[in-house]
Every structure is written in structure tokens, then in C-alpha cells.
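Have a look at the structure below, then the notes.
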Amino acid sequence: MTEPMLLLTRPEPAARRFLAELELAAGRHVPALIAPLLRIDEMTPPRPELSPAALILTSERGARGAARMGYAGLPAWCVGPRTAQAARGAGLIPREGGGFAEALLAEILAAPDEGPLLHLRGDHQRGDLVARLRAAGRDCAQAVVYAQSARPAPVEARALLDGTAAVLAPVFSPRSAALLAGCAPVAAPLTLVAISAAAAAALAPLGGRVVTATRPDAEAMIDATLGALATFGSTDPVGGSSA
């Protein structure tokens with residue numbers, strides 16, 4: 001069976017980085033269409049009255065927001081290694097938080113209470129980290145440092161989804177999954193690689209085959225996507241668990 005076309009719907013810089021890492025891991029070129037369904041607009045809100053003892057960063061863009069707001073030098077709880085790397089580049093002192101939001105929450109609550117926390121985030125979020133920290137007795141505020149605006153599917157992506165050639169689409173968040181699911185119905189045979197069970201559930205309207213990565217991180221997404229490419233056409237689960 002002909003190898004599917006990779007459809008990358010992340011914002012363009014992240015999509016290009018993922019494709020480059022995927023091709024490096026594969027050791028070859030992977031045919032792909034980059035078709036972002038989100039636009040990212042960075043924001044610099046006023047600094048809150050709270051003087052944070054540490055920041056909470058759940059994305060690399062949060063780290064860039066910290067730099068714009070003048071928080072260099074502060075410790076920063078970071079959801080994963082890439083966010084920690086971005087925090088270090090922004091002049092912060094990163095503390096890695098386990099790779100996903102629940103692990104980050106547990107790490108913060110297990111550490112001594114050093115004082116107020118400030119979560120720098122996007123305008124869309126899941127899990128309400130700040131409310132959960134407050135409920136646990138921690139002083140925590142938040143500031144929105146980037147906006148995530150939905151974009152219509154580009155013409156090239158719509159043509160791909162309406163065609164007969166196979167499509168493989170890695171999806172990196174429940175919101176991205178919901179935006180892609182908004183393209184239903186589609187004619188193309190689909191294989192969908194979801195970063196989490198929540199993202200997999202949001203893909204249901206598209207039908208097709210869904211594979212869920214074993215962990216919610218970029219490395220596991222590369223493994224799952226390569227597995228899907230290697231065994232394309234199989235009915236057995238690859239690179240994770242079927243949903």
C-alpha cells in the first residue's frame with residue numbers, strides 16, 4: 001500500500017520542528033503537508049500585583065512570555081524538557097515537572113511552599129491548574145501570555161481530506177483534535193496519532209484508525225507516528241494503544 005501523506009496541523013514552527021525530528025528518526029524524507037489549524041499571537045499582559053516566588057510554565061510560549069514580562073532569574077516549574085530548555089533560554093531557572101500536567105502538579109505540591117506562584121499560559125487550557133493549586137492551599141495567580149485562534153483548514157488540506165489518498169495525521173492536543181474533527185466528513189482513508197486519550201476521543205467524528213501515543217510527549221509521538229508509517233495498512237495497534 002502507498003505510504004500516506006503526513007498532515008501536520010500544528011502552528012507552523014512546531015510542525016516544521018516535528019517533521020524535521022521525525023525525518024531524522026526515520027532516516028529519510030517523509031512526504032508531508034503543513035496546514036496549521038491554529039494561529040498563535042503572543043501577548044504581554046500587565047504584571048500582576050502578586051510578586052511570584054516561582055513561575056509555572058506549561059508551554060515553551062509561556063517561557064517566552066516570562067521573558068517579555070521581565071521575570072528573568074526566577075525559578076520556573078516546567079511541564080517537560082522542551083519547556084525547561086525554553087525557560088533556560090529566557091533566563092529562568094527551570095525545574096522539570098514530569099512531562100505532563102498531572103505530574104507537574106504533583107511535583108509542585110510535593111515541594112516546600114516557597115511563596116506565591118504565577119502560571120503563564122495560553123487563553124485556552126485544560127485541567128485548571130491554578131484552581132487546583134489554590135484548593136491545595138497554594139497562593140497562585142495566572143496571566144495569559146498568548147492567544148490561540150482557530151483557523152479554517154487551508155485549501156490544500158481540504159483537498160487532501162476530500163481525496164482518495166491515505167492520510168496520517170499526528171494530533172498534539174484535545175483542542176487541535178477538535179479542530180481537525182471539525183473537518184468531518186472526509187473521504188480520505190485516515191490514520192490518526194493522538195497524544196492522549198482526550199485527544200483521541202475528540203477525533204471520533206473523523207472515523208478512521210486512531211493510535212494513542214504511550215506518553216504525552218514529542219518523543220512518544222515520533223515513535224507512534226513512525227510505527228504507523230512502518231505498519232501502514234495493518235489492523236493491529238502500533239506505537240501505543242488503539243482508541
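In the C-alpha cells, chains take letters A, B, ... by order of appearance, with residues numbered from 1 within each chain and ligands from 1 in the order shown.
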* To do: Just the alpha helix (DSSP H) stuff from region 99-211 of chain A, please, per backbone DSSP, written as a PyMOL selection string.
  => chain A and resi 101-110+129-135+155-161+174-181+197-202
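The residue set within 9 Å of Ala224 (chain A), counting only C-alpha atoms and dropping same-chain residues fewer than 2 places from it, reads Pro170, Val193, Ala194, Val211, Thr212, Ala213, Thr214, Glu219, Ala220, Met221, Ile222, Leu226, Gly227, Ala228, Leu229, Val238, Gly239 and Gly240 of chain A.
Distances from A:Leu129, A:Ala90, A:Ala143, A:Leu37 to Pro11 (chain A) were compared using only C-alpha atoms, and the smallest one belongs to A:Leu37.
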* **In region 32-205 of chain A, DSSP strand (DSSP E or B) residues written as a VMD selection string** => chain A and resid 32 to 34 38 to 42 54 to 57 75 to 78 93 to 96 117 to 122 140 to 150 167 to 171 190 to 194
Once you count only C-alpha atoms, what closest atom pair and distance in Å to one decimal does each residue of region 99-193 of chain A within 7 Å of region 63-80 of chain A have, with rows by chain and rising residue number, as JSON lines?
```
{"residue": "A:Gly99", "atom": "CA", "partner": "A:Gly80", "partner_atom": "CA", "distance": 4.2}
{"residue": "A:Phe100", "atom": "CA", "partner": "A:Val79", "partner_atom": "CA", "distance": 5.6}
{"residue": "A:Ala101", "atom": "CA", "partner": "A:Val79", "partner_atom": "CA", "distance": 6.3}
{"residue": "A:Leu104", "atom": "CA", "partner": "A:Val79", "partner_atom": "CA", "distance": 5.7}
{"residue": "A:Val145", "atom": "CA", "partner": "A:Gly65", "partner_atom": "CA", "distance": 5.4}
```
* Which of these, A:Glu102, A:Asp223, A:Glu156, A:Glu114, has the shortest distance to Arg126 (chain A) once you count only C-alpha atoms? -> A:Glu102
* Structure fact -> Residue with the minimum atom-to-atom distance to Ala202 (chain A), picked from A:Ala87, A:Leu118, A:Leu179, A:Val167 with only C-alpha atoms counted, is A:Leu179
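Non-sequential neighbours of Ala165 (chain A) (distance at most 8 Å, separation of 6 or more positions within a chain, only C-alpha atoms) are Pro4, Met5, Ala188 and Pro189 of chain A.
Remark: for Ala204 (chain A), the closest of the candidate residues A:Ala84, A:Ala187, A:Ala157, A:Ala181 is A:Ala181 (distances computed over only C-alpha atoms).
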* Test item: residues at most 9 Å from region 19-27 of chain A, only C-alpha atoms, excluding those fewer than 3 positions along its chain, as a PyMOL selection string -> chain A and resi 8+14-16+30+32+222-223+225-226
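Between CA of Ala103 (chain A) and CA of Pro174 (chain A) lies a distance of 18.2 Å.
Near region 119-121 of chain A, within 8 Å and counting only C-alpha atoms, sit Leu55, Ile56, Leu57, Thr58, Ser59, Arg61, Gly62, Ala63, Gly65, Ala66, Val130, Cys140, Ala141, Gln142, Ala143, Val144, Val145 and Tyr146 of chain A; same-chain residues fewer than 5 positions away were not included.
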* **Contacts of Pro116 (chain A) within 8 Å, only C-alpha atoms, excl. fewer than 5 positions in-chain, as a PyMOL selection string** => chain A and resi 50-54+138-141
* Asked: Neighbours of Ser176 (chain A) within 8 Å (only C-alpha atoms; same-chain residues fewer than 6 positions away dropped), as a ChimeraX atom specification?
  -> /A:9-10,37-38,199
Just to be explicit: take each residue in the selection above, keep N, CA and C atoms, and write the result as a PDB file, in the first residue's frame.
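What ended up in selection_14.pdb:
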```pdb
ATOM      1  N   THR A   9      -1.080  19.714  11.486  1.00  0.00           N
ATOM      2  CA  THR A   9      -1.985  20.840  11.702  1.00  0.00           C
ATOM      3  C   THR A   9      -1.549  21.742  12.845  1.00  0.00           C
ATOM      4  N   ARG A  10      -0.366  21.518  13.408  1.00  0.00           N
ATOM      5  CA  ARG A  10       0.171  22.393  14.460  1.00  0.00           C
ATOM      6  C   ARG A  10       0.544  23.748  13.855  1.00  0.00           C
ATOM      7  N   LEU A  37      -4.050  24.683  11.872  1.00  0.00           N
ATOM      8  CA  LEU A  37      -5.444  24.988  12.218  1.00  0.00           C
ATOM      9  C   LEU A  37      -5.513  25.962  13.395  1.00  0.00           C
ATOM     10  N   LEU A  38      -4.352  26.420  13.876  1.00  0.00           N
ATOM     11  CA  LEU A  38      -4.284  27.392  14.963  1.00  0.00           C
ATOM     12  C   LEU A  38      -3.298  28.494  14.593  1.00  0.00           C
ATOM     13  N   ALA A 199      -7.319  13.565  23.474  1.00  0.00           N
ATOM     14  CA  ALA A 199      -7.207  13.940  22.070  1.00  0.00           C
ATOM     15  C   ALA A 199      -7.815  12.862  21.172  1.00  0.00           C
TER      16      ALA A 199
END
```
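If you look at CA of Leu160 (chain A) and CA of Ile40 (chain A), they are 23.9 Å away from each other.
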* **Coordinates-based distance that separates CA of Leu6 (chain A) from CA of Ala166 (chain A) (Å, one decimal)** => 8.9 Å
